[in-house]
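The data block below is upload.txt; it holds compact mmCIF, C-alpha atoms.
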# COMPACT_ATOMS: atom_id res chain seq x y z
CA MET A 1193 40.39 1.99 12.82
CA THR A 1194 39.36 1.95 16.46
CA ASP A 1195 38.03 5.48 16.05
CA MET A 1196 35.81 4.39 13.20
CA GLN A 1197 34.46 1.44 15.11
CA ALA A 1198 33.68 3.64 18.08
CA LYS A 1199 31.30 5.67 15.93
CA PRO A 1200 27.80 4.34 16.47
CA ALA A 1201 26.02 2.94 13.41
CA VAL A 1202 23.02 4.93 12.21
CA VAL A 1203 20.04 2.59 12.42
CA PRO A 1204 16.56 3.58 11.24
CA ASP A 1205 13.88 3.58 13.89
CA PHE A 1206 11.13 1.32 12.61
CA GLY A 1207 9.12 1.96 15.74
CA ASP A 1208 9.05 -1.72 16.69
CA ASP A 1209 9.48 -0.89 20.34
CA ASP A 1210 6.84 1.81 20.35
CA ASP A 1211 3.73 0.70 22.12
CA THR A 1212 1.40 2.20 19.54
CA ASP A 1213 -2.20 1.30 19.02
CA ARG A 1214 -2.69 3.72 16.15
CA LYS A 1215 -5.67 2.65 14.14
CA LEU A 1216 -7.29 3.98 11.01
CA VAL A 1217 -10.91 3.53 9.97
CA ILE A 1218 -11.80 4.50 6.43
CA ILE A 1219 -15.43 4.92 5.42
CA CYS A 1220 -15.78 4.25 1.69
CA SER A 1221 -19.07 5.75 0.54
CA LYS A 1222 -18.48 6.22 -3.20
CA GLY A 1223 -18.75 3.74 -6.05
CA ASN A 1224 -17.11 5.80 -8.80
CA LEU A 1225 -13.78 4.47 -9.97
CA ASP A 1226 -11.90 7.67 -9.12
CA MET A 1227 -13.37 7.82 -5.62
CA ALA A 1228 -12.56 4.19 -4.85
CA TYR A 1229 -8.82 4.73 -4.96
CA PRO A 1230 -8.12 7.34 -2.24
CA GLY A 1231 -9.33 4.96 0.47
CA LEU A 1232 -7.52 1.97 -1.03
CA VAL A 1233 -4.20 3.80 -1.37
CA LEU A 1234 -4.35 5.19 2.16
CA ALA A 1235 -5.37 1.84 3.64
CA ASN A 1236 -2.53 0.09 1.86
CA SER A 1237 0.03 2.67 2.95
CA ALA A 1238 -1.13 2.64 6.54
CA LEU A 1239 -0.89 -1.17 6.70
CA GLY A 1240 2.63 -0.97 5.29
CA GLU A 1241 3.50 1.33 8.18
CA GLY A 1242 2.22 -1.07 10.78
CA ILE A 1243 -1.06 0.78 11.40
CA ALA A 1244 -4.24 -1.28 11.89
CA VAL A 1245 -6.90 -0.52 9.27
CA ASP A 1246 -10.61 -1.22 9.06
CA LEU A 1247 -12.53 -0.33 5.90
CA PHE A 1248 -16.25 0.30 6.24
CA PHE A 1249 -18.27 0.27 3.02
CA THR A 1250 -21.50 2.18 2.86
CA PHE A 1251 -23.95 3.46 0.24
CA TRP A 1252 -22.31 3.56 -3.21
CA GLY A 1253 -19.08 2.27 -1.71
CA PHE A 1254 -20.83 -1.12 -1.64
CA ASP A 1255 -19.94 -1.57 -5.30
CA MET A 1256 -16.30 -1.91 -4.25
CA ILE A 1257 -17.04 -5.12 -2.33
CA THR A 1258 -19.99 -6.50 -4.31
CA ARG A 1259 -18.68 -9.41 -6.34
CA SER A 1260 -20.72 -8.71 -9.46
CA ARG A 1261 -19.83 -5.01 -9.47
CA GLN A 1262 -16.33 -4.53 -8.11
CA LYS A 1263 -14.67 -5.05 -11.49
CA LYS A 1264 -17.09 -2.66 -13.21
CA LEU A 1265 -16.57 0.63 -11.40
CA SER A 1266 -16.76 3.58 -13.80
CA PHE A 1267 -15.57 7.12 -13.98
CA THR A 1268 -17.69 9.93 -15.40
CA PRO A 1269 -16.39 13.39 -16.25
CA VAL A 1270 -19.91 14.82 -15.71
CA GLY A 1271 -19.76 17.61 -13.18
CA ASN A 1272 -15.99 17.31 -12.91
CA THR A 1273 -14.40 20.56 -14.03
CA ALA A 1274 -10.93 19.22 -13.24
CA MET A 1275 -11.04 16.68 -16.06
CA HIS A 1276 -8.03 17.50 -18.23
CA LEU A 1277 -7.47 16.02 -21.65
CA PRO A 1278 -4.27 14.22 -22.60
CA PHE A 1279 -3.62 16.66 -25.43
CA GLY A 1280 -4.20 19.72 -23.24
CA GLY A 1281 -7.19 21.76 -22.19
CA ARG A 1282 -10.21 20.74 -20.22
CA MET A 1283 -13.06 18.50 -21.17
CA PRO A 1284 -15.94 20.86 -22.14
CA GLN A 1285 -18.81 20.36 -19.71
CA TRP A 1286 -21.39 20.16 -22.54
CA LEU A 1287 -19.52 17.18 -23.98
CA SER A 1288 -19.31 15.15 -20.75
CA PRO A 1289 -22.84 13.70 -20.75
CA PHE A 1290 -22.67 12.48 -24.37
CA PRO A 1291 -23.25 8.78 -24.96
CA GLY A 1292 -20.04 6.79 -24.66
CA MET A 1293 -18.12 9.43 -22.70
CA THR A 1294 -18.25 7.48 -19.45
CA TRP A 1295 -16.95 4.43 -21.26
CA VAL A 1296 -14.07 6.37 -22.81
CA ALA A 1297 -13.18 8.20 -19.60
CA THR A 1298 -13.29 4.95 -17.60
CA ARG A 1299 -11.00 3.20 -20.05
CA MET A 1300 -8.57 6.10 -19.91
CA MET A 1301 -8.49 6.13 -16.14
CA ARG A 1302 -8.10 2.34 -15.87
CA LYS A 1303 -5.12 2.54 -18.20
CA GLN A 1304 -3.51 5.38 -16.25
CA ILE A 1305 -3.92 3.42 -13.02
CA ASP A 1306 -2.55 0.26 -14.61
CA ASP A 1307 0.42 2.14 -16.09
CA LEU A 1308 1.42 3.12 -12.55
CA GLY A 1309 1.44 -0.52 -11.49
CA VAL A 1310 -1.58 0.09 -9.25
CA PRO A 1311 -3.96 -2.87 -9.19
CA PRO A 1312 -7.68 -2.84 -10.07
CA VAL A 1313 -10.10 -2.45 -7.15
CA ASP A 1314 -10.70 -6.16 -6.51
CA GLU A 1315 -6.99 -7.04 -6.54
CA PHE A 1316 -6.19 -4.00 -4.43
CA LEU A 1317 -8.63 -5.26 -1.80
CA ASP A 1318 -6.96 -8.71 -1.98
CA GLN A 1319 -3.67 -7.02 -1.18
CA ILE A 1320 -5.16 -4.95 1.66
CA VAL A 1321 -6.66 -8.04 3.28
CA ALA A 1322 -3.36 -9.94 2.85
CA SER A 1323 -1.66 -7.04 4.63
CA GLY A 1324 -4.00 -7.40 7.60
CA GLY A 1325 -6.74 -4.94 6.65
CA ARG A 1326 -10.33 -5.79 7.63
CA LEU A 1327 -13.46 -5.20 5.55
CA TRP A 1328 -16.94 -4.40 6.88
CA ALA A 1329 -20.25 -3.69 5.17
CA CYS A 1330 -23.02 -1.33 6.27
CA GLN A 1331 -26.33 -2.89 7.32
CA MET A 1332 -28.56 -0.11 6.03
CA SER A 1333 -26.87 -0.10 2.62
CA ALA A 1334 -27.22 -3.88 2.39
CA ASP A 1335 -30.93 -3.61 3.23
CA MET A 1336 -31.49 -0.79 0.73
CA GLN A 1337 -29.76 -2.64 -2.07
CA LYS A 1338 -31.16 -6.02 -1.03
CA LEU A 1339 -27.70 -7.53 -0.78
CA THR A 1340 -26.50 -10.21 1.62
CA MET A 1341 -23.12 -11.68 2.55
CA GLU A 1342 -23.59 -14.03 -0.41
CA ASP A 1343 -23.26 -11.07 -2.78
CA LEU A 1344 -20.11 -9.71 -1.17
CA ARG A 1345 -16.46 -10.68 -1.31
CA ASP A 1346 -15.62 -13.67 0.88
CA ASP A 1347 -13.23 -11.60 2.96
CA VAL A 1348 -15.90 -9.12 4.09
CA GLU A 1349 -16.10 -9.99 7.78
CA GLY A 1350 -19.64 -8.90 8.41
CA ILE A 1351 -22.57 -6.65 7.71
CA ILE A 1352 -22.69 -4.36 10.72
CA THR A 1353 -24.91 -1.63 12.10
CA ALA A 1354 -24.05 1.99 12.78
CA ALA A 1355 -23.83 1.11 16.47
CA ASP A 1356 -21.34 -1.68 15.71
CA PHE A 1357 -19.38 0.87 13.75
CA MET A 1358 -19.08 3.01 16.89
CA ASP A 1359 -17.36 0.10 18.65
CA LEU A 1360 -15.18 -0.56 15.63
CA SER A 1361 -14.01 3.04 15.36
CA GLU A 1362 -13.36 3.65 19.04
CA GLY A 1363 -10.05 5.44 19.43
CA ALA A 1364 -9.37 5.31 15.67
CA GLN A 1365 -8.59 8.08 13.24
CA THR A 1366 -11.57 8.09 10.92
CA LEU A 1367 -11.65 9.19 7.32
CA PHE A 1368 -14.85 9.63 5.33
CA ILE A 1369 -14.42 9.28 1.61
CA MET B 117 24.79 12.43 3.47
CA SER B 118 26.79 10.98 6.32
CA THR B 119 28.81 7.87 6.91
CA THR B 120 28.58 5.18 9.49
CA THR B 121 30.66 2.13 10.29
CA LEU B 122 29.31 -1.35 9.98
CA ALA B 123 30.92 -4.75 9.49
CA GLY B 124 34.29 -3.02 9.91
CA ARG B 125 33.87 -0.63 7.01
CA GLU B 126 32.60 2.81 6.39
CA ILE B 127 29.33 3.10 4.47
CA HIS B 128 27.35 6.07 3.18
CA VAL B 129 23.88 6.45 4.63
CA ASP B 130 21.06 8.98 4.62
CA ALA B 131 19.78 10.70 7.74
CA GLU B 132 17.72 7.66 8.72
CA GLY B 133 20.46 5.12 8.11
CA PHE B 134 19.47 3.74 4.70
CA LEU B 135 22.47 3.04 2.44
CA THR B 136 22.90 5.54 -0.35
CA GLU B 137 25.58 3.76 -2.42
CA TYR B 138 24.32 0.67 -4.22
CA ASP B 139 27.82 -0.79 -4.62
CA GLU B 140 28.79 -0.56 -0.96
CA TRP B 141 26.39 -3.40 -0.18
CA ASP B 142 27.14 -7.09 -0.02
CA GLU B 143 25.50 -10.01 1.76
CA THR B 144 27.83 -9.83 4.75
CA LEU B 145 26.71 -6.28 5.29
CA ALA B 146 23.07 -7.26 4.74
CA GLN B 147 23.39 -9.79 7.54
CA GLN B 148 24.58 -6.99 9.84
CA LEU B 149 21.81 -4.64 8.73
CA ALA B 150 19.26 -7.36 9.45
CA ASP B 151 20.79 -8.04 12.88
CA GLN B 152 20.51 -4.36 13.74
CA ILE B 153 16.77 -4.31 13.20
CA GLY B 154 16.14 -7.72 14.75
CA ILE B 155 15.43 -9.72 11.60
CA ALA B 156 16.83 -13.27 11.62
CA MET B 157 17.64 -13.99 7.98
CA THR B 158 16.35 -17.25 6.49
CA PRO B 159 16.57 -18.48 2.88
CA GLU B 160 13.14 -16.87 2.28
CA HIS B 161 14.42 -13.51 3.50
CA TRP B 162 17.42 -13.77 1.19
CA ASP B 163 15.20 -14.54 -1.79
CA VAL B 164 13.26 -11.31 -1.25
CA VAL B 165 16.40 -9.25 -0.66
CA ARG B 166 18.08 -10.64 -3.78
CA PHE B 167 14.98 -9.88 -5.82
CA LEU B 168 14.98 -6.27 -4.56
CA ARG B 169 18.65 -5.85 -5.49
CA ALA B 170 18.17 -7.27 -8.97
CA ASP B 171 14.99 -5.27 -9.57
CA TYR B 172 16.65 -2.04 -8.46
CA ALA B 173 19.57 -2.70 -10.79
CA GLU B 174 17.08 -3.02 -13.61
CA THR B 175 14.63 -0.21 -12.82
CA GLY B 176 16.60 2.23 -10.66
CA GLN B 177 13.76 2.19 -8.12
CA THR B 178 13.09 0.22 -4.98
CA ALA B 179 10.21 -2.20 -5.52
CA THR B 180 7.11 -1.62 -3.39
CA THR B 181 5.36 -4.51 -1.60
CA ARG B 182 2.95 -4.54 -4.55
CA ARG B 183 5.78 -5.02 -7.03
CA VAL B 184 7.58 -7.55 -4.83
CA ASN B 185 4.34 -9.51 -5.03
CA ALA B 186 3.37 -8.91 -8.66
CA VAL B 187 6.83 -9.17 -10.23
CA GLY B 188 8.88 -11.02 -7.61
CA GLY B 189 6.14 -13.51 -6.82
CA PHE B 190 6.36 -13.13 -3.04
CA PRO B 191 2.82 -12.98 -1.59
CA VAL B 192 2.07 -9.89 0.49
CA LYS B 193 1.20 -12.05 3.48
CA GLN B 194 4.62 -13.66 3.33
CA GLN B 195 6.31 -10.25 3.15
CA PHE B 196 4.52 -9.16 6.32
CA ALA B 197 5.50 -12.43 8.01
CA LEU B 198 9.17 -12.10 7.06
CA PHE B 199 9.53 -8.37 7.74
CA PRO B 200 6.87 -7.63 10.36
CA LYS B 201 4.86 -4.41 10.51
CA LYS B 202 6.78 -2.35 7.95
CA PRO B 203 7.87 -4.76 5.23
CA GLY B 204 8.52 -2.13 2.54
CA LYS B 205 10.98 -0.19 4.66
CA LYS B 206 12.60 -3.12 6.40
CA MET B 207 13.36 -5.15 3.30
CA SER B 208 14.75 -2.15 1.45
CA TYR B 209 16.94 -1.30 4.44
CA ILE B 210 18.44 -4.79 4.50
CA ALA B 211 18.84 -4.73 0.71
CA GLY B 212 20.83 -1.50 1.01
CA LEU B 213 18.34 0.47 -1.08
CA PRO B 214 16.37 3.69 -0.54
CA LYS B 215 12.87 3.43 0.88
CA PRO B 216 10.30 2.67 -1.84
CA ALA B 217 9.13 5.93 -3.40
CA GLY B 218 5.85 4.70 -4.91
CA CYS B 219 2.51 5.06 -3.10
CA VAL B 220 1.39 1.54 -3.99

As structure tokens:
Amino acid sequence: MTDMQAKPAVVPDFGDDDDTDRKLVIICSKGNLDMAYPGLVLANSALGEGIAVDLFFTFWGFDMITRSRQKKLSFTPVGNTAMHLPFGGRMPQWLSPFPGMTWVATRMMRKQIDDLGVPPVDEFLDQIVASGGRLWACQMSADMQKLTMEDLRDDVEGIITAADFMDLSEGAQTLFI
Amino acid sequence: MSTTTLAGREIHVDAEGFLTEYDEWDETLAQQLADQIGIAMTPEHWDVVRFLRADYAETGQTATTRRVNAVGGFPVKQQFALFPKKPGKKMSYIAGLPKPAGCV
């Protein structure tokens, strides 16, 4: 018995004592449904590992944080040769641009995402912000699209310039998506 | 798989120290696991841990923070407050379950 108690318990190292300032900045530049998710998944995972995350939305990525658009992101198989069909084979490229294909492909992808228990874009951003993630919008994109803070989610902290972004991303690992 | 001794008994753990046998866990042990990683258990902590245990029994998988929120009803913010920095790993450790396998 004493022998057993002398054996030290194996305790996971959660890194609480590490003095880390690891920080991730993710630039979200795409507004297609399929391209919205990589940044969201990585941001969420990083936050769950105690890593600070800032998300910077630019160009088409603006749709992810624009209130009237963030629930309407679509997926198109046009130009995507890796689009596989549920019953086997690939989607023929000549078929992709047909009317209604984007609608069908979007519905399919939304269902696949939902089946995995992964939330839609707007709810995913809710979760990221609740986990401590911070959202920023690009000034030039806002100007181009004539959008203001009024048009964006309430939790977007500001519309910032490229120079502000340099301050934001100082010392961070930066991903461009 | 190796064993370690905690709360006066031998338990099976993986290389990191997460329990590998669902039935070797009880709340006395959970209290010890929590102490080891510096979490002071409150009734709110127990609610989350009990949900994780029940959900695992049902699904065979450790719930992610998303599921703990969506199915368990514990807001993500609360999970981060109760189990700081790495809620997914910390709560599964205390609940005697493997780390969550899902990405979200």

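Distances here use only C-alpha atoms; by that measure, the residue among A:Glu1241, A:Asp1226, A:Asp1314, A:Asp1209 closest to chain B is A:Glu1241.
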
For chain A, work out the contacting residues on chain B at 10 Å, counting only C-alpha atoms, and write them as JSON, numbers by chain.
{"B": [118, 119, 120, 121, 122, 123, 124, 125, 126, 127, 129, 130, 131, 132, 133, 134, 135, 149, 152, 153, 154, 180, 181, 182, 183, 185, 186, 191, 192, 193, 194, 195, 196, 197, 200, 201, 202, 203, 204, 205, 206, 209, 218, 219, 220]}

Long-range neighbours of stretch 1334-1341 of chain A as an NGL selection string, 10 Å cut-off, all atoms listed in the file, 2 positions minimum in chain
:A and (1249-1252 or 1254 or 1258 or 1329-1332 or 1343-1352)

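Comparing B:Asp163, B:Ser208, B:Gln148, B:Asp142 by their smallest distance to B:Gly189, the closest is B:Asp163 (using all atoms listed in the file).
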
Taking all atoms of stretch 1350-1364 of chain A that appear in the file, build a box with edges along x, y and z, extend it by 5 Å on every side, and state its centre and edge lengths in Å to one decimal, as AutoDock Vina command-line options.
--center_x -17.1 --center_y -1.7 --center_z 13.6 --size_x 25.5 --size_y 24.3 --size_z 21.7

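Taking atom CA of B:Pro214 as the reference point, atom CA of B:Thr136 is found at 6.8 Å.
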
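Across the structure, atom CA of A:Pro1269 and atom CA of A:Pro1289 are spaced 7.9 Å apart.
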
Distance in Å - atom CA of A:Leu1360 versus atom CA of A:Gly1253:
18.0 Å
